[in-house]
Each structure stands twice: as structure tokens, then as C-alpha cells.
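One file, upload33.csv, carrying CSV, C-alpha atoms:
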chain,number,residue,atom,x,y,z
A,1461,MET,CA,122.3,76.3,181.8
A,1462,ARG,CA,121.7,79.9,180.9
A,1463,THR,CA,125.4,80.5,180.5
A,1464,ILE,CA,125.7,77.6,178.0
A,1465,LEU,CA,122.8,79.0,175.8
A,1466,VAL,CA,124.3,82.5,175.7
A,1467,ALA,CA,127.7,81.1,174.6
A,1468,THR,CA,126.1,79.0,172.0
A,1469,ALA,CA,124.2,82.0,170.5
A,1470,ILE,CA,127.4,84.0,170.4
A,1471,VAL,CA,129.3,81.3,168.6
A,1472,CYS,CA,126.4,81.0,166.0
A,1473,ALA,CA,126.3,84.7,165.4
A,1474,ILE,CA,130.1,84.8,164.9
A,1475,GLY,CA,129.8,81.9,162.5
A,1476,LEU,CA,127.1,83.5,160.5
A,1477,GLY,CA,129.0,86.8,160.3
A,1478,SER,CA,132.1,85.1,159.0
A,1479,CYS,CA,130.1,83.2,156.4
A,1480,SER,CA,128.4,86.4,155.1
A,1481,ASP,CA,131.8,88.1,154.9
A,1482,GLU,CA,133.3,85.3,152.8
A,1483,ARG,CA,130.5,85.5,150.0
A,1484,GLY,CA,130.3,89.3,149.8
A,1485,PRO,CA,127.4,91.3,148.1
A,1486,THR,CA,125.5,89.6,145.3
A,1487,GLU,CA,125.5,91.3,141.8
A,1488,PRO,CA,122.1,92.0,140.1
A,1489,THR,CA,121.1,89.7,137.2
A,1490,PRO,CA,121.1,91.5,133.8
A,1491,ARG,CA,117.7,92.2,132.4
A,1492,GLN,CA,116.7,89.8,129.6
A,1493,VAL,CA,115.5,91.6,126.5
A,1494,GLY,CA,114.5,90.7,123.0
A,1495,VAL,CA,116.5,92.1,120.1
A,1496,VAL,CA,116.7,92.1,116.3
A,1497,VAL,CA,119.7,92.9,114.1
A,1498,ALA,CA,118.9,95.7,111.7
A,1499,LYS,CA,119.0,94.6,108.1
A,1500,PRO,CA,117.8,96.3,104.9
A,1501,GLU,CA,115.2,94.3,103.2
A,1502,PRO,CA,113.2,95.0,100.0
A,1503,LEU,CA,109.8,96.6,100.8
A,1504,VAL,CA,106.9,96.5,98.3
A,1505,GLN,CA,104.3,99.1,99.2
A,1506,GLY,CA,101.1,99.9,97.4
A,1507,GLY,CA,97.7,101.4,98.0
A,1508,ALA,CA,94.0,101.3,97.1
A,1509,ILE,CA,92.0,104.3,96.1
A,1510,THR,CA,88.3,104.7,95.2
A,1511,GLY,CA,86.9,106.7,92.3
A,1512,GLU,CA,84.4,106.5,89.5
A,1513,VAL,CA,84.4,105.7,85.8
A,1514,ARG,CA,84.0,108.6,83.4
A,1515,ALA,CA,84.2,109.1,79.7
A,1516,ARG,CA,87.6,110.0,78.2
A,1517,VAL,CA,85.9,112.9,76.3
A,1518,GLN,CA,83.0,114.8,77.9
A,1519,THR,CA,81.3,117.9,76.6
A,1520,ASP,CA,78.8,120.4,78.1
A,1521,LEU,CA,76.1,121.3,75.6
A,1522,SER,CA,74.3,124.6,75.6
A,1523,PHE,CA,72.3,126.9,73.3
A,1524,ARG,CA,74.1,129.6,71.5
A,1525,VAL,CA,71.2,132.0,71.9
A,1526,SER,CA,68.9,132.9,74.8
A,1527,GLY,CA,65.2,131.8,74.9
A,1528,LYS,CA,62.5,129.9,76.6
A,1529,ILE,CA,62.8,126.1,76.4
A,1530,ILE,CA,59.7,124.7,74.8
A,1531,GLU,CA,60.8,121.1,74.2
A,1532,ARG,CA,63.2,118.6,75.8
A,1533,LEU,CA,63.6,115.3,74.0
A,1534,VAL,CA,66.1,113.2,76.0
A,1535,GLU,CA,66.6,112.0,79.5
A,1536,VAL,CA,69.7,111.4,81.7
A,1537,GLY,CA,71.2,108.0,80.8
A,1538,GLN,CA,69.8,107.9,77.3
A,1539,SER,CA,72.1,107.1,74.4
A,1540,VAL,CA,72.2,109.6,71.6
A,1541,LYS,CA,73.7,109.8,68.1
A,1542,ALA,CA,75.6,112.7,66.5
A,1543,GLY,CA,73.2,115.3,65.2
A,1544,GLN,CA,70.3,114.1,67.2
A,1545,LEU,CA,67.9,116.8,68.4
A,1546,LEU,CA,68.0,117.2,72.2
A,1547,ALA,CA,66.0,120.3,73.0
A,1548,ARG,CA,64.4,123.3,71.4
A,1549,ILE,CA,63.8,126.9,72.5
A,1550,ASP,CA,61.0,129.2,71.2
A,1551,PRO,CA,62.2,130.4,67.7
A,1552,GLU,CA,59.6,133.2,67.1
A,1553,GLU,CA,62.1,136.0,67.7
A,1554,GLN,CA,64.8,134.4,65.5
A,1555,LYS,CA,62.1,133.7,62.8
A,1556,ALA,CA,61.2,137.4,62.8
A,1557,ASP,CA,64.8,138.4,62.5
A,1558,LEU,CA,65.1,136.0,59.5
A,1559,ASP,CA,62.1,137.5,57.8
A,1560,VAL,CA,63.6,141.0,58.2
A,1561,ALA,CA,66.9,139.8,56.8
A,1562,ALA,CA,65.2,138.1,53.9
A,1563,ALA,CA,63.3,141.3,53.0
A,1564,ASN,CA,66.5,143.4,53.2
A,1565,LEU,CA,68.2,141.0,50.9
A,1566,GLN,CA,65.3,141.2,48.3
A,1567,SER,CA,65.4,145.0,48.5
A,1568,ALA,CA,69.2,145.0,48.0
A,1569,GLU,CA,69.0,142.6,45.1
A,1570,ALA,CA,66.3,144.7,43.4
A,1571,GLN,CA,68.5,147.8,43.8
A,1572,GLN,CA,71.4,146.0,42.3
A,1573,THR,CA,69.3,144.9,39.3
A,1574,GLN,CA,68.2,148.5,38.7
A,1575,ALA,CA,71.8,149.8,39.0
A,1576,GLN,CA,73.0,147.1,36.6
A,1577,LEU,CA,70.4,148.1,34.0
A,1578,ALA,CA,71.3,151.8,34.4
A,1579,TYR,CA,75.0,151.0,34.0
A,1580,ASP,CA,74.3,148.9,30.9
A,1581,ARG,CA,72.3,151.8,29.3
A,1582,GLN,CA,75.1,154.3,30.1
A,1583,GLN,CA,77.6,152.0,28.5
A,1584,SER,CA,75.5,151.8,25.3
A,1585,LEU,CA,75.0,155.6,25.2
A,1586,PHE,CA,78.7,156.2,25.8
A,1587,ARG,CA,79.7,154.0,22.9
A,1588,THR,CA,77.4,156.1,20.6
A,1589,GLN,CA,78.8,159.3,22.1
A,1590,VAL,CA,75.3,160.3,23.4
A,1591,THR,CA,76.3,160.5,27.1
A,1592,THR,CA,79.3,161.8,29.0
A,1593,ARG,CA,82.1,159.9,30.7
A,1594,ALA,CA,81.0,161.4,34.0
A,1595,ALA,CA,77.5,159.9,33.7
A,1596,LEU,CA,79.0,156.5,32.9
A,1597,ASP,CA,81.3,156.7,36.0
A,1598,GLN,CA,78.3,157.7,38.2
A,1599,ALA,CA,76.3,154.7,37.0
A,1600,GLN,CA,79.2,152.4,37.6
A,1601,GLU,CA,79.6,153.8,41.2
A,1602,ALA,CA,75.9,153.2,41.8
A,1603,LEU,CA,76.3,149.6,40.6
A,1604,LEU,CA,79.2,148.9,42.9
A,1605,THR,CA,77.4,150.3,45.9
A,1606,ALA,CA,74.3,148.2,45.1
A,1607,GLN,CA,76.5,145.1,44.8
A,1608,ALA,CA,78.1,145.8,48.2
A,1609,SER,CA,74.7,146.3,49.8
A,1610,THR,CA,73.6,143.0,48.4
A,1611,LYS,CA,76.6,141.1,49.8
A,1612,SER,CA,76.0,142.7,53.2
A,1613,ALA,CA,72.3,141.8,53.1
A,1614,GLN,CA,73.2,138.2,52.1
A,1615,ALA,CA,75.6,137.9,55.0
A,1616,LEU,CA,72.9,139.2,57.4
A,1617,PHE,CA,70.5,136.7,56.0
A,1618,GLU,CA,72.8,133.8,56.5
A,1619,THR,CA,73.6,135.0,60.0
A,1620,ALA,CA,69.8,135.1,60.7
A,1621,GLN,CA,69.5,131.5,59.3
A,1622,ASP,CA,72.3,130.3,61.6
A,1623,THR,CA,70.7,132.1,64.6
A,1624,LEU,CA,67.4,130.3,63.9
A,1625,SER,CA,69.3,127.0,63.8
A,1626,TYR,CA,70.8,127.7,67.2
A,1627,THR,CA,67.3,127.4,68.7
A,1628,GLU,CA,67.8,123.6,68.3
A,1629,LEU,CA,70.3,121.9,70.5
A,1630,LYS,CA,71.8,118.8,68.9
A,1631,ALA,CA,74.4,116.2,70.0
A,1632,ASP,CA,77.9,116.8,68.7
A,1633,ALA,CA,78.9,113.1,68.9
A,1634,ASP,CA,77.6,109.6,69.8
A,1635,GLY,CA,77.4,109.1,73.5
A,1636,VAL,CA,75.3,109.1,76.7
A,1637,ILE,CA,73.6,112.0,78.5
A,1638,THR,CA,75.0,112.1,82.0
A,1639,ALA,CA,73.5,115.3,83.3
A,1640,ARG,CA,70.6,117.7,82.7
A,1641,ASN,CA,70.5,121.3,84.0
A,1642,ALA,CA,67.4,122.8,82.4
A,1643,GLU,CA,63.7,122.0,82.1
A,1644,VAL,CA,60.8,122.9,79.8
A,1645,GLY,CA,59.6,126.4,80.5
A,1646,GLN,CA,62.9,127.6,81.8
A,1647,VAL,CA,64.5,130.6,80.1
A,1648,ALA,CA,68.0,129.5,79.1
A,1649,GLN,CA,70.8,132.0,78.7
A,1650,ALA,CA,73.3,131.7,75.9
A,1651,ALA,CA,76.2,129.3,76.8
A,1652,GLN,CA,74.3,128.0,79.9
A,1653,VAL,CA,75.0,124.3,80.3
A,1654,VAL,CA,71.8,122.3,79.5
A,1655,PHE,CA,73.2,118.8,79.0
A,1656,THR,CA,76.5,116.9,79.7
A,1657,LEU,CA,77.4,114.4,77.0
A,1658,ALA,CA,79.8,111.6,77.6
A,1659,HIS,CA,81.2,110.5,74.3
A,1660,ASP,CA,81.4,106.8,73.3
A,1661,GLY,CA,84.9,105.3,73.3
A,1662,ASP,CA,87.6,104.8,75.9
A,1663,ARG,CA,86.9,105.3,79.6
A,1664,ASP,CA,88.9,106.7,82.5
A,1665,ALA,CA,88.8,105.8,86.1
A,1666,VAL,CA,89.1,109.1,87.9
A,1667,PHE,CA,90.4,109.3,91.5
A,1668,GLU,CA,90.8,112.2,93.9
A,1669,VAL,CA,93.9,111.4,96.0
A,1670,VAL,CA,96.3,113.1,98.4
A,1671,GLU,CA,99.5,114.4,96.7
A,1672,SER,CA,101.8,112.2,98.8
A,1673,ALA,CA,100.3,109.0,97.3
A,1674,PHE,CA,102.1,109.6,94.0
A,1675,LEU,CA,105.4,111.2,95.1
A,1676,ARG,CA,107.1,107.8,94.6
A,1677,PRO,CA,107.3,106.1,91.2
A,1678,ILE,CA,104.7,103.5,90.4
A,1679,ASP,CA,105.8,100.0,89.5
A,1680,GLY,CA,104.1,99.2,86.2
A,1681,ASP,CA,100.4,99.3,85.6
A,1682,GLY,CA,97.7,99.0,88.3
A,1683,THR,CA,94.3,97.2,88.4
A,1684,VAL,CA,90.8,98.5,88.6
A,1685,THR,CA,87.9,96.5,90.1
A,1686,LEU,CA,84.2,97.2,90.4
A,1687,LEU,CA,83.0,97.6,94.0
A,1688,SER,CA,80.0,95.5,93.0
A,1689,ASN,CA,82.3,92.7,91.6
A,1690,PRO,CA,85.7,92.7,93.3
A,1691,SER,CA,86.7,89.4,91.5
A,1692,GLN,CA,86.8,91.2,88.1
A,1693,LYS,CA,90.1,92.9,87.7
A,1694,ILE,CA,91.0,95.1,84.7
A,1695,ALA,CA,94.5,96.2,83.9
A,1696,ALA,CA,94.8,100.0,83.9
A,1697,LYS,CA,97.6,102.5,83.3
A,1698,VAL,CA,97.9,106.0,84.9
A,1699,ARG,CA,97.3,108.4,82.0
A,1700,GLU,CA,97.2,111.8,83.7
A,1701,ILE,CA,98.1,113.3,87.1
A,1702,SER,CA,96.9,116.8,87.7
A,1703,PRO,CA,99.8,119.2,88.3
A,1704,THR,CA,97.7,121.3,90.7
A,1705,ILE,CA,95.9,120.7,94.0
A,1706,ASP,CA,92.2,121.3,94.3
A,1707,SER,CA,91.9,124.1,96.9
A,1708,SER,CA,88.5,122.9,98.1
A,1709,THR,CA,89.5,119.2,98.7
A,1710,GLY,CA,93.3,119.3,99.0
A,1711,THR,CA,93.6,116.5,96.6
A,1712,ILE,CA,94.9,115.9,93.1
A,1713,LYS,CA,93.0,114.3,90.2
A,1714,VAL,CA,94.4,111.1,88.8
A,1715,LYS,CA,93.0,109.6,85.6
A,1716,VAL,CA,93.6,105.9,84.8
A,1717,ALA,CA,93.0,104.7,81.3
A,1718,ILE,CA,90.5,101.8,80.9
A,1719,SER,CA,90.0,100.0,77.6
A,1720,SER,CA,86.6,100.7,75.9
A,1721,ASP,CA,86.2,96.9,75.7
A,1722,ALA,CA,86.0,96.7,79.5
A,1723,PRO,CA,82.4,96.1,80.7
A,1724,ILE,CA,82.3,98.9,83.2
A,1725,PRO,CA,79.4,101.4,83.0
A,1726,LEU,CA,79.8,105.1,83.3
A,1727,GLY,CA,79.6,106.4,86.9
A,1728,ALA,CA,80.3,103.0,88.4
A,1729,PRO,CA,82.3,103.2,91.7
A,1730,VAL,CA,85.7,101.4,91.3
A,1731,VAL,CA,88.8,100.6,93.4
A,1732,GLY,CA,92.2,101.2,91.9
A,1733,ARG,CA,95.2,99.3,93.2
A,1734,PHE,CA,98.9,100.0,92.5
A,1735,ASN,CA,102.4,99.2,93.8
A,1736,TYR,CA,105.4,101.5,94.3
A,1737,VAL,CA,108.8,100.5,93.0
A,1738,SER,CA,110.5,98.2,95.5
A,1739,GLN,CA,113.2,99.7,97.7
A,1740,ASP,CA,115.5,98.5,100.5
A,1741,VAL,CA,114.6,99.8,103.9
A,1742,ILE,CA,115.1,98.9,107.6
A,1743,GLN,CA,111.8,97.9,109.0
A,1744,LEU,CA,111.4,97.4,112.8
A,1745,PRO,CA,108.5,96.0,114.8
A,1746,TRP,CA,106.3,98.6,116.6
A,1747,SER,CA,107.5,97.3,120.0
A,1748,ALA,CA,111.0,98.7,119.3
A,1749,MET,CA,109.9,102.3,119.3
A,1750,THR,CA,110.5,104.5,122.4
A,1751,SER,CA,110.9,108.2,122.9
A,1752,LYS,CA,113.8,110.5,123.4
A,1753,GLY,CA,113.2,114.2,124.0
A,1754,GLY,CA,109.7,113.8,122.6
A,1755,LYS,CA,110.9,112.3,119.4
A,1756,PRO,CA,110.9,108.7,118.1
A,1757,ALA,CA,113.8,106.6,119.3
A,1758,VAL,CA,115.0,103.0,119.7
A,1759,TRP,CA,117.2,101.3,122.3
A,1760,ILE,CA,120.6,100.1,120.8
A,1761,VAL,CA,122.7,97.4,122.4
A,1762,ASP,CA,126.5,97.7,122.3
A,1763,PRO,CA,127.7,94.2,121.4
A,1764,ALA,CA,131.0,94.7,123.2
A,1765,SER,CA,129.6,95.8,126.6
A,1766,SER,CA,126.0,94.7,126.3
A,1767,ALA,CA,125.1,98.2,127.5
A,1768,VAL,CA,122.0,100.0,126.0
A,1769,SER,CA,121.6,103.5,124.8
A,1770,ALA,CA,118.6,105.4,123.4
A,1771,ARG,CA,119.1,106.7,119.8
A,1772,ALA,CA,116.7,109.1,118.0
A,1773,VAL,CA,115.5,108.0,114.6
A,1774,ASP,CA,113.6,109.5,111.7
A,1775,VAL,CA,110.6,107.5,110.7
A,1776,ALA,CA,109.8,107.3,106.9
A,1777,GLY,CA,106.5,105.6,107.3
A,1778,TYR,CA,104.2,103.5,109.5
A,1779,GLU,CA,102.9,100.0,108.6
A,1780,THR,CA,100.6,97.6,110.3
A,1781,GLY,CA,102.7,96.3,113.2
A,1782,SER,CA,105.9,97.9,112.1
A,1783,PHE,CA,107.6,101.2,111.1
A,1784,ILE,CA,110.2,102.1,108.5
A,1785,VAL,CA,113.4,103.8,109.7
A,1786,LYS,CA,114.7,106.6,107.4
A,1787,SER,CA,117.8,107.4,109.4
A,1788,GLY,CA,119.3,106.7,112.9
A,1789,VAL,CA,119.7,103.0,112.5
A,1790,SER,CA,122.4,101.3,110.4
A,1791,GLU,CA,122.8,97.8,109.1
A,1792,GLY,CA,124.0,95.5,111.9
A,1793,ASP,CA,122.8,97.6,114.8
A,1794,VAL,CA,121.3,95.5,117.6
A,1795,VAL,CA,117.9,97.0,118.4
A,1796,VAL,CA,115.8,96.1,121.5
A,1797,THR,CA,112.3,95.0,120.6
A,1798,ASP,CA,111.0,93.5,123.8
A,1799,GLY,CA,111.5,95.0,127.3
A,1800,THR,CA,112.1,98.6,126.3
A,1801,LYS,CA,109.8,100.2,129.0
A,1802,PHE,CA,112.1,99.7,132.0
A,1803,LEU,CA,115.5,100.3,130.4
A,1804,ARG,CA,118.0,102.9,131.6
A,1805,ALA,CA,120.8,104.4,129.6
A,1806,GLY,CA,124.0,102.4,130.2
A,1807,GLU,CA,122.2,99.4,131.7
A,1808,ILE,CA,123.7,96.0,131.0
A,1809,VAL,CA,121.3,93.6,129.4
A,1810,SER,CA,121.2,90.0,128.4
A,1811,TYR,CA,119.9,89.1,124.9
A,1812,VAL,CA,120.0,86.6,122.1
A,1813,LYS,CA,120.6,87.9,118.6
A,1814,GLU,CA,118.0,87.2,116.0
A,1815,ALA,CA,117.8,88.4,112.4
A,1816,SER,CA,115.2,91.0,111.8
A,1817,LYS,CA,112.0,90.0,109.9

Could I get this file's structure written as C-alpha cells?
Amino acid sequence: MRTILVATAIVCAIGLGSCSDERGPTEPTPRQVGVVVAKPEPLVQGGAITGEVRARVQTDLSFRVSGKIIERLVEVGQSVKAGQLLARIDPEEQKADLDVAAANLQSAEAQQTQAQLAYDRQQSLFRTQVTTRAALDQAQEALLTAQASTKSAQALFETAQDTLSYTELKADADGVITARNAEVGQVAQAAQVVFTLAHDGDRDAVFEVVESAFLRPIDGDGTVTLLSNPSQKIAAKVREISPTIDSSTGTIKVKVAISSDAPIPLGAPVVGRFNYVSQDVIQLPWSAMTSKGGKPAVWIVDPASSAVSARAVDVAGYETGSFIVKSGVSEGDVVVTDGTKFLRAGEIVSYVKEASK
């Protein structure tokens, strides 16, 4: 009985061995991956920036002479008219200077009158041959000197009058007071800013943005909306882009023109929206990105052999859920988008082509 069992086992072992030899080693199944076919498509990009509304023309108002402020007649936010009195400084010193100038003018005018009479007498005497030519010339010289002194005194008098008028600060245009930098009792220096006046008229939406935001051309006009009322959209056009970068903020100032008819108050926070000119780019989903030598790359499938290889790419920009390829991928390349983590260079994969979206 034992002999029969051993023989049976040997026959089975031989049979199994022969069956295994006939089938040979099994080949591994190619990895299934998801792919897209690279295709340039038009991309419309834009952005939103925040800023505030300011007057197109804004001036800083200051006294032209120094003195103690004794009266302030307006508040921040108050509308004023051209020529309206805003503040006044103590005019006692300027009044004293005006009195001195007026006295000097009266003295000069009196001397001129006396010199004129003396000259007229010398002319009469010279015609009757009673006086000499030298005496007449001397009288004429005295008259000319007196006339020059009068003109000088008149100029000083007018200057003193102007200086006295400088003790009153007046608005130079219709507008709104947006800032106040002095109070009653404060000694204001000449040219020190006391008020800031926003002139009535057109408005600008002013934005502080990074330089790269406007490196590409803008497609047409943008829109401006109030933060307090996003449903209200106002057409706006970029009027001015500062050519220099603010060293303190690292931004550039962009002014967008707003019509004066737009119901947007000064200082209101706004959002500006704009679009770049559309351009054709290759855009891939974020899942297609891998790394090669520490740089961005993608897996490319060779359609002939179904083998994959990693290719470095230059990224032009990152979007939500995707990235834009600047170089490294051409139209028609088959790019792996799903299953990139476990791929090896030269590995054969199985895939189904789909157009990129």
C-alpha cells in the first residue's frame, strides 16, 4: 500500500512540473494611468484689487506766513466754496508791518511833492535867467530820487498788504476738506500743511498693487464696485500707472478714472476688476505635476511604445486646480494626470487618450 502512494505522488509531481514548464513565467500587467493630450486653449485671466476713491485733483493748503492760529472755521468732511475763509492766524505783527510801510509811503510821497515844487521853481527861474543850469539839474536829480523812493515805498506797502492777507487761509476751489493737520492755538510755520482739499469733479479709484499685476496688457476697461454694495458696477478705465515702485510697500500706484456722475463718496473702499488679453496656453491639472531634480516636471507617454519618461517644464502660472506650462510640453504630447506617484522611467503603462480640458 505504501509503495502505491509513493508512486502516485511521484507521478503527480512530474505532472505538475511538466504543466508549469509548458506555461512559462507570467508577464506583469501594465499599470493603468489617466492621461490628457496637451492642447493649447485660450485662457482669460483677470484679477481683483482693493483701493479707495480719491479726488482727481487734491491740494494741500497752508499759510504763507508763520503765526499762531486763532480761528479755525471748517471741519473734515465739510464742503467749501472757492474763496471761503478756512482759518486765520494772529495778524498783529503783519498789521504793525503794514503801518510802518504806510508811514514810509507817506513820507516818500511828501518828499516827492517837495522835490517837485523845488524843481518847478528852478525851471521858472532858469527861464528868466535868474538861476544857473547846475541848480536846475540838481533840483531835477532830487526829484528823480524822490520819485524812486516813492515807488520803493509803494512796493513795500503793497507787500505788507499781501502779507497781512496771508494771515487768512482760503479755499482755492470748490471741494471737500479731507484732512486737518492743525488746531487753534498751534503755531503754524509757513508752508506747513493745515488742510487737504479734494476738488469737486471727476474721481479716481486709487489702488496699490504689485508690479507683476500689470505686466500683461489689459483687455478693455475694468469695473469698480463698492464694498458696501457689490451689485453696483461702474465702468472704469486705467488712467495712470506709476512708473516707479514705492520703496516702503513694494507696490505701484494705479489710478482708474471714475465719472463724476458715479454716486461713490470720497474715501469709499472699492474693488477693481480687470481681465488680461486672452492668450493660447497649455493648461494641465495639478495632479499632472511631479518633480525632476527638484524642479517641476510631468510624465510623458510615448505613443509608440507606451513607455513613460519624466520631462522638466517651466511653469508660467498657477491657477485653482491647474497650472500653466510655459515650455517643456508641446501640442499633442500625452501627459499622465493620474497615477504619477509610482511611475518609473521607461515603465510601460496602459492608458486611454482624452482631450485636455

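Those residues that approach Ala1561 in chain A to within 7 Å, counting all atoms listed in the file, are Asp1557, Leu1558, Asp1559, Ala1563, Asn1564, Leu1565, Ala1613, Leu1616, Phe1617 and Ala1620 of chain A; same-chain residues fewer than 2 positions away are not listed.
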
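The space between CA of Ala1642 in chain A and CA of Val1654 in chain A spans 5.3 Å.
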
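Shortest atom-to-atom contact with Gly1543 in chain A among A:Glu1791, A:Glu1628, A:Asp1706, A:Asp1774: A:Glu1628, counting all atoms listed in the file.
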
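Going from CA of Lys1555 in chain A to CA of Thr1623 in chain A covers 8.9 Å.
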
Contacts of range 1566-1575 of chain A within 8 Å, all atoms listed in the file, excl. fewer than 2 positions in-chain, as an MDAnalysis selection string:
chainID A and resid 1562:1564 1577:1579 1599:1600 1602:1603 1606:1607 1609:1610 1613

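Closest approach to Gly1661 in chain A among A:Gly1754, A:Leu1686, A:Pro1725, A:Asp1740 is made by A:Pro1725 (distances from all atoms listed in the file).
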
Name all residues at most 7 Å from range 1687-1703 of chain A (count only C-alpha atoms; drop same-chain ones fewer than 2 positions away) and give them as a tab-separated table (two decimals) with C-alpha atoms, keeping the file's coordinate frame.
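Below you can see out.tsv, which holds the result:
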chain	number	residue	atom	x	y	z
A	1681	ASP	CA	100.40	99.30	85.60
A	1682	GLY	CA	97.70	99.00	88.30
A	1683	THR	CA	94.30	97.20	88.40
A	1684	VAL	CA	90.80	98.50	88.60
A	1685	THR	CA	87.90	96.50	90.10
A	1712	ILE	CA	94.90	115.90	93.10
A	1713	LYS	CA	93.00	114.30	90.20
A	1714	VAL	CA	94.40	111.10	88.80
A	1715	LYS	CA	93.00	109.60	85.60
A	1716	VAL	CA	93.60	105.90	84.80
A	1717	ALA	CA	93.00	104.70	81.30
A	1718	ILE	CA	90.50	101.80	80.90
A	1729	PRO	CA	82.30	103.20	91.70
A	1730	VAL	CA	85.70	101.40	91.30
A	1731	VAL	CA	88.80	100.60	93.40

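Across A:Gln1582, A:Ser1747, A:Ser1782, A:Gln1538, the tightest approach to Val1495 in chain A is made by A:Ser1747 when counting all atoms listed in the file.
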
Show which residues sit within 10 Å of Glu1643 in chain A, as a count of residues only. Count all atoms listed in the file, and ignore same-chain residues fewer than 6 positions away.
7

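Restricting the calculation to only C-alpha atoms, the smallest distance between Ile1705 in chain A and any of A:Phe1734, A:Val1758, A:Glu1668, A:Gln1621 is found for A:Glu1668.
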